[in-house]
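What follows is the content of work-v4.txt, which has compact mmCIF, C-alpha atoms:
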# COMPACT_ATOMS: atom_id res chain seq x y z
CA MET A 50 -5.13 -11.04 -14.88
CA ASN A 51 -5.69 -14.76 -14.52
CA ARG A 52 -8.84 -14.85 -12.41
CA GLU A 53 -8.54 -18.63 -11.98
CA GLN A 54 -5.54 -18.12 -9.72
CA THR A 55 -7.16 -15.61 -7.34
CA ASN A 56 -8.54 -18.26 -4.98
CA GLU A 57 -5.16 -18.50 -3.20
CA ASN A 58 -3.32 -15.92 -1.14
CA MET A 59 -0.11 -14.50 -2.52
CA LEU A 60 0.54 -12.64 0.75
CA ALA A 61 -0.81 -13.49 4.19
CA VAL A 62 0.14 -11.47 7.28
CA ARG A 63 -0.96 -12.44 10.76
CA ASN A 64 -0.89 -10.24 13.86
CA LEU A 65 1.78 -7.76 12.79
CA LYS A 66 2.91 -5.44 15.59
CA VAL A 67 5.53 -2.68 15.39
CA VAL A 68 6.59 -0.46 18.28
CA PHE A 69 9.31 2.16 18.74
CA PRO A 70 10.57 2.40 22.35
CA MET A 71 11.40 6.03 23.14
CA ALA A 72 12.85 7.82 26.15
CA HIS A 73 9.42 9.09 27.27
CA GLY A 74 7.23 6.14 26.25
CA VAL A 75 6.47 3.66 23.49
CA ILE A 76 5.18 4.53 20.03
CA ARG A 77 2.71 1.80 19.02
CA ALA A 78 2.80 2.25 15.25
CA VAL A 79 1.10 -1.00 14.16
CA GLU A 80 -1.18 -3.06 16.40
CA GLY A 81 -2.14 -6.58 15.38
CA VAL A 82 -2.65 -6.12 11.63
CA ASP A 83 -3.81 -9.02 9.42
CA LEU A 84 -3.61 -8.73 5.62
CA ASP A 85 -4.53 -11.08 2.80
CA ILE A 86 -3.75 -10.48 -0.88
CA LYS A 87 -4.82 -13.05 -3.44
CA LYS A 88 -2.79 -13.98 -6.48
CA GLY A 89 -3.17 -11.28 -9.10
CA GLU A 90 -5.26 -9.11 -6.77
CA SER A 91 -4.88 -5.37 -6.24
CA VAL A 92 -5.36 -4.32 -2.59
CA ALA A 93 -5.28 -0.82 -1.11
CA LEU A 94 -4.33 0.11 2.45
CA VAL A 95 -5.78 3.56 3.12
CA GLY A 96 -5.80 6.06 5.96
CA GLU A 97 -4.58 9.48 7.03
CA SER A 98 -0.92 10.32 7.45
CA GLY A 99 0.43 8.89 10.70
CA CYS A 100 -1.92 5.90 10.86
CA GLY A 101 0.86 3.31 10.30
CA LYS A 102 0.52 2.53 6.57
CA SER A 103 4.16 3.05 5.56
CA VAL A 104 5.48 1.30 8.67
CA THR A 105 3.31 -1.69 7.75
CA SER A 106 4.62 -1.79 4.19
CA LYS A 107 8.26 -1.55 5.25
CA SER A 108 7.70 -4.26 7.85
CA LEU A 109 6.50 -6.66 5.15
CA MET A 110 9.77 -6.14 3.28
CA LYS A 111 11.76 -6.18 6.55
CA LEU A 112 13.18 -2.74 5.74
CA LEU A 113 12.76 -1.22 9.20
CA ASP A 114 15.90 -0.65 11.26
CA THR A 115 15.69 -2.94 14.31
CA PRO A 116 16.45 -1.23 16.64
CA PRO A 117 14.93 1.30 17.04
CA ALA A 118 11.87 -0.54 15.69
CA LEU A 119 10.70 -3.73 17.39
CA MET A 120 8.59 -5.98 15.17
CA ARG A 121 6.58 -9.04 16.10
CA VAL A 122 4.42 -11.11 13.78
CA ASP A 123 2.81 -14.52 14.02
CA ASP A 124 3.61 -15.15 10.35
CA ILE A 125 4.26 -13.54 6.98
CA THR A 126 3.87 -15.86 4.02
CA LEU A 127 4.58 -15.10 0.37
CA ASP A 128 3.06 -17.61 -2.05
CA GLY A 129 2.87 -20.13 0.77
CA GLU A 130 6.47 -19.62 1.94
CA SER A 131 7.00 -18.22 5.44
CA LEU A 132 9.32 -15.19 5.63
CA LYS A 133 8.98 -14.74 9.38
CA ASP A 134 12.41 -16.05 10.34
CA TYR A 135 14.30 -15.06 7.19
CA SER A 136 17.69 -13.48 7.76
CA GLU A 137 18.71 -10.22 6.06
CA LYS A 138 20.77 -12.24 3.56
CA LYS A 139 17.74 -14.34 2.61
CA MET A 140 15.55 -11.26 2.36
CA GLN A 141 18.02 -9.73 -0.10
CA ASP A 142 17.30 -12.68 -2.39
CA ILE A 143 13.54 -12.11 -1.97
CA ARG A 144 13.54 -8.33 -2.48
CA GLY A 145 13.45 -7.38 -6.12
CA ARG A 146 13.04 -10.95 -7.31
CA HIS A 147 9.84 -12.01 -5.52
CA MET A 148 8.78 -8.79 -3.74
CA SER A 149 9.41 -5.25 -4.97
CA MET A 150 8.65 -1.85 -3.54
CA ILE A 151 7.89 1.48 -5.19
CA PHE A 152 8.70 4.30 -2.79
CA GLN A 153 6.88 7.63 -2.67
CA ASP A 154 9.84 9.91 -3.41
CA ALA A 155 11.82 8.79 -6.45
CA MET A 156 14.48 11.46 -5.96
CA THR A 157 15.54 10.08 -2.57
CA SER A 158 14.92 6.44 -3.54
CA LEU A 159 17.26 6.43 -6.53
CA ASN A 160 21.03 6.59 -6.11
CA PRO A 161 22.04 10.12 -7.23
CA VAL A 162 25.57 9.09 -8.35
CA MET A 163 24.50 6.18 -10.57
CA THR A 164 22.73 6.39 -13.91
CA CYS A 165 19.14 5.18 -13.92
CA GLY A 166 20.00 2.43 -16.37
CA ARG A 167 22.80 1.11 -14.17
CA GLN A 168 20.43 0.88 -11.21
CA ILE A 169 18.01 -1.24 -13.23
CA ASP A 170 20.89 -3.28 -14.72
CA GLU A 171 21.79 -4.40 -11.22
CA MET A 172 18.38 -6.02 -10.78
CA TYR A 173 19.00 -8.35 -13.71
CA MET A 174 22.64 -8.97 -12.80
CA ARG A 175 21.86 -9.70 -9.13
CA HIS A 176 18.74 -11.82 -9.51
CA GLN A 177 19.00 -13.33 -12.99
CA GLY A 178 22.77 -13.69 -13.42
CA MET A 179 23.00 -11.61 -16.61
CA ASP A 180 26.16 -9.89 -17.79
CA LYS A 181 26.23 -6.11 -18.27
CA LYS A 182 25.43 -6.21 -21.99
CA GLU A 183 22.46 -8.53 -21.62
CA ALA A 184 21.20 -6.66 -18.56
CA ARG A 185 21.24 -3.36 -20.47
CA LYS A 186 19.07 -4.83 -23.24
CA HIS A 187 16.50 -5.87 -20.64
CA THR A 188 16.75 -2.47 -18.93
CA ILE A 189 15.96 -0.63 -22.15
CA ARG A 190 13.01 -2.94 -22.72
CA ALA A 191 11.77 -2.35 -19.14
CA LEU A 192 11.93 1.42 -19.58
CA GLU A 193 10.08 1.11 -22.87
CA LEU A 194 7.31 -0.94 -21.24
CA VAL A 195 6.61 1.77 -18.65
CA GLY A 196 6.42 4.50 -21.28
CA VAL A 197 9.83 6.17 -21.01
CA PRO A 198 10.58 7.91 -24.34
CA GLU A 199 13.97 7.26 -25.91
CA PRO A 200 14.77 4.56 -23.31
CA LYS A 201 18.30 3.92 -24.58
CA SER A 202 19.21 7.57 -24.02
CA ARG A 203 17.28 7.91 -20.73
CA ALA A 204 19.12 4.91 -19.31
CA ARG A 205 22.32 6.98 -19.43
CA ASN A 206 20.76 9.84 -17.45
CA PHE A 207 21.28 10.44 -13.75
CA PRO A 208 18.11 10.83 -11.61
CA HIS A 209 18.47 14.63 -11.32
CA GLU A 210 18.43 14.92 -15.12
CA LEU A 211 14.91 13.49 -15.34
CA SER A 212 11.53 15.00 -14.45
CA GLY A 213 9.57 13.73 -11.46
CA GLY A 214 7.28 11.70 -13.68
CA MET A 215 10.20 10.08 -15.52
CA ARG A 216 11.93 9.23 -12.23
CA GLN A 217 8.75 7.56 -11.01
CA ARG A 218 8.60 5.53 -14.22
CA VAL A 219 12.18 4.42 -13.58
CA LEU A 220 11.05 3.12 -10.18
CA LEU A 221 8.19 1.28 -11.90
CA ALA A 222 10.66 -0.28 -14.34
CA MET A 223 12.85 -1.40 -11.42
CA ALA A 224 9.88 -2.84 -9.54
CA PHE A 225 8.64 -4.86 -12.52
CA ALA A 226 12.11 -5.79 -13.82
CA CYS A 227 12.14 -9.36 -12.52
CA MET A 228 8.34 -9.70 -12.65
CA PRO A 229 7.98 -10.32 -8.89
CA LYS A 230 5.02 -12.04 -7.29
CA LEU A 231 4.11 -8.98 -5.20
CA ILE A 232 4.66 -5.26 -5.59
CA ILE A 233 4.17 -2.81 -2.73
CA ALA A 234 3.56 0.76 -3.89
CA ASP A 235 3.93 3.25 -1.03
CA GLU A 236 2.23 6.52 -2.04
CA PRO A 237 3.75 6.23 -5.56
CA THR A 238 2.32 9.54 -6.84
CA THR A 239 2.61 11.83 -3.80
CA ALA A 240 5.18 14.27 -5.23
CA LEU A 241 3.65 14.50 -8.72
CA ASP A 242 1.12 16.89 -10.22
CA VAL A 243 -2.35 15.60 -11.06
CA THR A 244 -1.74 14.99 -14.78
CA ILE A 245 1.47 13.04 -14.20
CA GLN A 246 -0.18 11.14 -11.33
CA ALA A 247 -2.82 9.86 -13.72
CA GLN A 248 -0.20 8.77 -16.26
CA VAL A 249 1.90 6.92 -13.68
CA LEU A 250 -1.16 5.22 -12.19
CA ASP A 251 -2.30 4.11 -15.65
CA VAL A 252 1.10 2.50 -16.24
CA LEU A 253 1.06 0.84 -12.80
CA ARG A 254 -2.46 -0.52 -13.29
CA ASP A 255 -1.80 -1.77 -16.82
CA MET A 256 1.50 -3.46 -15.88
CA GLN A 257 -0.06 -5.10 -12.81
CA ARG A 258 -3.04 -6.46 -14.73
CA THR A 259 -1.10 -7.49 -17.81
CA HIS A 260 1.44 -9.54 -15.87
CA GLY A 261 -0.91 -10.78 -13.12
CA VAL A 262 1.24 -9.38 -10.30
CA SER A 263 -0.30 -8.95 -6.85
CA LEU A 264 -0.30 -5.33 -5.69
CA LEU A 265 -0.48 -3.65 -2.29
CA LEU A 266 -1.12 0.05 -2.76
CA ILE A 267 -0.45 2.32 0.24
CA THR A 268 -2.32 5.60 -0.12
CA HIS A 269 -4.46 8.28 1.49
CA ASP A 270 -6.00 9.25 -1.85
CA LEU A 271 -9.35 7.53 -2.37
CA SER A 272 -9.50 8.63 -6.02
CA VAL A 273 -6.43 6.45 -6.59
CA VAL A 274 -8.14 3.55 -4.82
CA SER A 275 -11.21 3.71 -7.04
CA ASN A 276 -9.11 3.34 -10.18
CA ILE A 277 -6.91 0.44 -9.12
CA ALA A 278 -7.99 -1.51 -6.04
CA GLU A 279 -10.31 -4.50 -5.85
CA THR A 280 -10.19 -4.78 -2.05
CA VAL A 281 -9.63 -2.01 0.50
CA TYR A 282 -8.30 -2.13 4.06
CA VAL A 283 -8.98 1.03 6.06
CA MET A 284 -6.39 1.75 8.76
CA TYR A 285 -6.68 4.08 11.72
CA SER A 286 -4.08 4.67 14.42
CA GLY A 287 -2.28 1.38 13.80
CA LYS A 288 -5.37 -0.84 13.53
CA ILE A 289 -7.48 -2.12 10.65
CA VAL A 290 -10.98 -0.72 11.15
CA GLU A 291 -12.66 -1.97 7.97
CA LYS A 292 -12.07 -4.33 5.06
CA ALA A 293 -14.35 -4.47 2.04
CA PRO A 294 -14.49 -4.86 -1.74
CA MET A 295 -13.75 -1.44 -3.22
CA LYS A 296 -17.17 -0.83 -4.79
CA GLU A 297 -19.03 -1.93 -1.66
CA LEU A 298 -16.93 0.29 0.58
CA PHE A 299 -17.57 3.34 -1.59
CA ARG A 300 -21.34 2.71 -1.68
CA THR A 301 -21.98 1.45 1.86
CA PRO A 302 -19.17 2.14 4.35
CA TYR A 303 -19.78 0.51 7.74
CA HIS A 304 -17.18 2.28 9.87
CA PRO A 305 -17.69 6.00 10.70
CA TYR A 306 -14.05 6.68 9.80
CA SER A 307 -14.53 5.16 6.35
CA GLU A 308 -17.62 7.31 5.94
CA GLY A 309 -15.64 10.40 6.94
CA LEU A 310 -12.86 9.64 4.46
CA LEU A 311 -15.35 9.24 1.63
CA LYS A 312 -17.25 12.41 2.50
CA SER A 313 -14.03 14.43 2.56
CA VAL A 314 -13.34 13.70 -1.12
CA PRO A 315 -14.54 16.65 -3.26
CA LYS A 316 -16.97 15.75 -6.06
CA LEU A 317 -17.88 17.61 -9.23
CA SER A 318 -21.52 17.58 -8.10
CA ASP A 319 -20.63 19.36 -4.82
CA GLU A 320 -20.17 22.80 -6.35
CA GLY A 321 -21.15 25.54 -3.93
CA LYS A 322 -21.41 23.21 -0.94
CA GLN A 323 -19.28 23.37 2.17
CA PHE A 324 -16.16 21.20 2.26
CA VAL A 325 -16.64 18.24 4.62
CA GLN A 326 -13.79 17.13 6.85
CA ILE A 327 -13.28 14.80 9.79
CA PRO A 328 -12.86 16.90 12.96
CA GLY A 329 -9.62 16.63 14.89
CA SER A 330 -6.62 14.55 13.84
CA VAL A 331 -5.10 11.09 14.21
CA PRO A 332 -4.00 10.65 17.85
CA HIS A 333 -0.31 10.74 18.70
CA PRO A 334 0.93 7.12 18.64
CA MET A 335 2.34 7.56 22.15
CA LYS A 336 -0.89 9.04 23.55
CA LYS A 337 -3.76 7.02 22.15
CA PRO A 338 -7.17 7.37 23.81
CA SER A 339 -8.86 4.60 25.76
CA GLY A 340 -11.43 2.40 24.05
CA CYS A 341 -11.93 2.87 20.32
CA TYR A 342 -9.16 5.12 19.04
CA PHE A 343 -11.59 6.95 16.75
CA HIS A 344 -14.15 7.83 19.42
CA PRO A 345 -12.91 11.44 20.07
CA ARG A 346 -13.67 12.24 16.41
CA CYS A 347 -16.73 10.02 15.93
CA PRO A 348 -20.24 11.56 15.82
CA TYR A 349 -21.78 8.22 16.85
CA ALA A 350 -19.55 7.43 19.86
CA THR A 351 -21.13 6.10 23.06
CA GLU A 352 -19.77 5.32 26.51
CA GLU A 353 -19.08 1.77 25.36
CA CYS A 354 -16.83 3.18 22.60
CA ARG A 355 -14.93 5.29 25.14
CA GLN A 356 -14.29 2.36 27.45
CA SER A 357 -13.59 -0.66 25.23
CA MET A 358 -11.80 -1.43 21.96
CA PRO A 359 -14.27 -3.05 19.54
CA PRO A 360 -13.14 -6.30 17.91
CA LEU A 361 -12.69 -6.67 14.16
CA GLU A 362 -15.76 -8.70 13.26
CA LYS A 363 -17.04 -10.28 10.07
CA ARG A 364 -20.03 -8.60 8.50
CA GLY A 365 -21.45 -10.32 5.46
CA GLU A 366 -19.52 -12.66 3.23
CA ASP A 367 -16.30 -10.72 2.65
CA ARG A 368 -16.37 -7.65 4.90
CA LEU A 369 -14.86 -6.84 8.28
CA VAL A 370 -15.54 -3.88 10.57
CA ARG A 371 -14.19 -2.76 13.96
CA CYS A 372 -17.13 -0.86 15.44
CA PHE A 373 -19.75 -1.34 18.17
CA HIS A 374 -22.27 0.66 16.12
CA PRO A 375 -21.58 0.04 12.41
CA LEU A 376 -23.45 2.31 10.04
CA LYS A 377 -26.80 1.08 8.76
CA HIS A 378 -27.87 1.35 5.11
CA ASP A 379 -31.36 0.99 3.76
CA ALA A 380 -32.31 -2.00 1.63
CA LYS A 381 -32.27 -0.05 -1.65
CA GLU A 382 -28.78 1.29 -1.02
CA ALA A 383 -27.47 -2.11 0.04
CA LYS A 384 -28.96 -3.73 -3.06
CA THR A 385 -27.16 -1.36 -5.40
CA ALA A 386 -23.88 -2.23 -3.70
Do you think you could lay out the structure here as structure tokens?
Amino acid sequence: MNREQTNENMLAVRNLKVVFPMAHGVIRAVEGVDLDIKKGESVALVGESGCGKSVTSKSLMKLLDTPPALMRVDDITLDGESLKDYSEKKMQDIRGRHMSMIFQDAMTSLNPVMTCGRQIDEMYMRHQGMDKKEARKHTIRALELVGVPEPKSRARNFPHELSGGMRQRVLLAMAFACMPKLIIADEPTTALDVTIQAQVLDVLRDMQRTHGVSLLLITHDLSVVSNIAETVYVMYSGKIVEKAPMKELFRTPYHPYSEGLLKSVPKLSDEGKQFVQIPGSVPHPMKKPSGCYFHPRCPYATEECRQSMPPLEKRGEDRLVRCFHPLKHDAKEAKTA
């Protein structure tokens, strides 16, 4: 990765809001989210299922059906170019060429009646004007780069003829085909076993760093975050509750929710100890509590937390936290961070 280029934002999102009007109320899926991803940077957006991560990622690519979704945003810029008012036709030119997405279920993301190679061929034919013969050469090379064995033969296979790990590698090859500026990976290893997860993540990390592509990783798995991300946004019930460099977040979380997520990850040194989990669950997006959305599950909640939503405030040079009573850490612990 070219570290000299990381002083500029590749992606900047300001005040993203997504709601789904329903017959019995409004689902507020995303509430005023801001995101910044520098050039060549790897950023993770983490949180429990139902917190709005996937809706956020699809909104950035303008992949949500509108209606039923209603999206408002002050601005979305990619490498300094505003995408806010882009039509669907313009977004089709952006997707794949400048922004790519890796979905969490390769089996439903790939077209079942087209060979895997043909689906990658179309990327080169659509965005780079290649003919079929030239596109196939690039497709075979792309499959080879992501570790697919016998790429020429695999390119002739249909998705159902490949294993889950191979299908996910096909999605990686498609995402990196045109070497876009930004790749969004939405839970890219959810349906895979642990060994294959590690292999796919290694390929994703190596490709991203080798080619200097910016990455937004959507995940609930903090072990994935520790291996890839440089910066972490923690999301809860549609709002960003903390932003921090990955190592600092893991050592000194400021938000109680971040602390709960970290404590719930099993460690090899925890043998024989009781499993720690956050009590309760993410509130229904149509029935969110008053005040801080996390207060019903927070061991540090006060009356102030129950009555008012805390603002997202800067804490230190490059950290943000949405909490009236951020966690304190002793000087020794803070120094090691």
Contacts between region 259-278 of chain A and region 84-168 of chain A, please, where a residue of region 84-168 of chain A counts if it comes within 9 Å (with all atoms listed in the file); show its shortest atom pair and distance in Å to one decimal, rows by chain and ascending number, as CSV.
residue,atom,partner,partner_atom,distance
A:Ile86,CA,A:Ser263,CA,7.1
A:Lys87,CA,A:Ser263,CA,7.0
A:Lys88,CA,A:Ser263,CA,5.6
A:Gly89,CA,A:Ser263,CA,4.3
A:Glu90,CA,A:Ser263,CA,5.0
A:Ser91,CA,A:Leu264,CA,4.6
A:Val92,CA,A:Leu265,CA,4.9
A:Ala93,CA,A:Leu266,CA,4.6
A:Leu94,CA,A:Ile267,CA,5.0
A:Val95,CA,A:Thr268,CA,5.2
A:Gly96,CA,A:His269,CA,5.2
A:Glu97,CA,A:His269,CA,5.7
A:Ser98,CA,A:His269,CA,7.2
A:Lys102,CA,A:Ile267,CA,6.4
A:Ser103,CA,A:Ile267,CA,7.1
A:Ser106,CA,A:Ile267,CA,7.6
Contact residues around region 336-340 of chain A with only C-alpha atoms at 10 Å, ignoring same-chain residues under 2 positions, as a list in words:
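Contacts, in chain order: Gly74, Val75, Ile76, Arg77, Ser286, Val331, Pro332, His333, Pro334, Tyr342, Phe343, His344, Pro345, Glu352, Glu353, Cys354, Arg355, Gln356, Ser357, Met358 and Pro359 of chain A.
Atom pair CA of Val249 (chain A) / CA of Leu221 (chain A): separated by 8.6 Å.
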Considering all atoms listed in the file, return as a list in words whatever protein or nucleic-acid residues lie within 6 Å of Leu60 (chain A), sequence-local ones (same chain, fewer than 4 positions apart) excluded.
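The contact residues come out as Asp85, Ile86, Thr126 and Leu127 of chain A.
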Straight-line distance linking CA of Gln257 (chain A) with CA of Thr105 (chain A), stated in Å to one decimal
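CA of Thr105 (chain A) lies 21.1 Å from CA of Gln257 (chain A).
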For a quick check of understanding, using all atoms listed in the file, which of A:Met223, A:Gln248, A:Ile327, A:His378 has the smallest distance to Arg300 (chain A)?
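Comparing A:Met223, A:Gln248, A:Ile327, A:His378 against Arg300 (chain A), the winner is A:His378.
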Go through A:Lys201, A:Arg175, A:Lys288, A:His187 one by one, measure the shortest atom-to-atom distance of each to Leu65 (chain A) using only C-alpha atoms, and give the residue with the smallest value.
A:Lys288
Which of these residues is nearest to Ser212 (chain A), using only C-alpha atoms: A:Ile245, A:Cys341, A:Leu194, A:Leu231?
A:Ile245
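Atom to atom, CA of Gln153 (chain A) and CA of Thr238 (chain A) stand 6.5 Å apart.
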Residue nearest Gly309 (chain A) among A:Met148, A:Cys165, A:Gly329, A:Lys292 (counting all atoms listed in the file):
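With all atoms listed in the file as the atom set, the closest residue is A:Gly329.
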Using only C-alpha atoms, pick whichever of A:Pro117, A:Pro200, A:Pro161, A:Gly145 has the shortest atom-to-atom distance to Ile232 (chain A).
A:Gly145
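Residue nearest Leu241 (chain A), chosen from A:Val281, A:Ala155, A:Met172, A:Arg190 and counting all atoms listed in the file: A:Ala155.
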Contacts of Gly214 (chain A) at 12 Å (only C-alpha atoms; same-chain gap of 5+ positions) as number ranges by chain
A: 153-156, 195-198, 208-209, 219-221, 237-250, 252
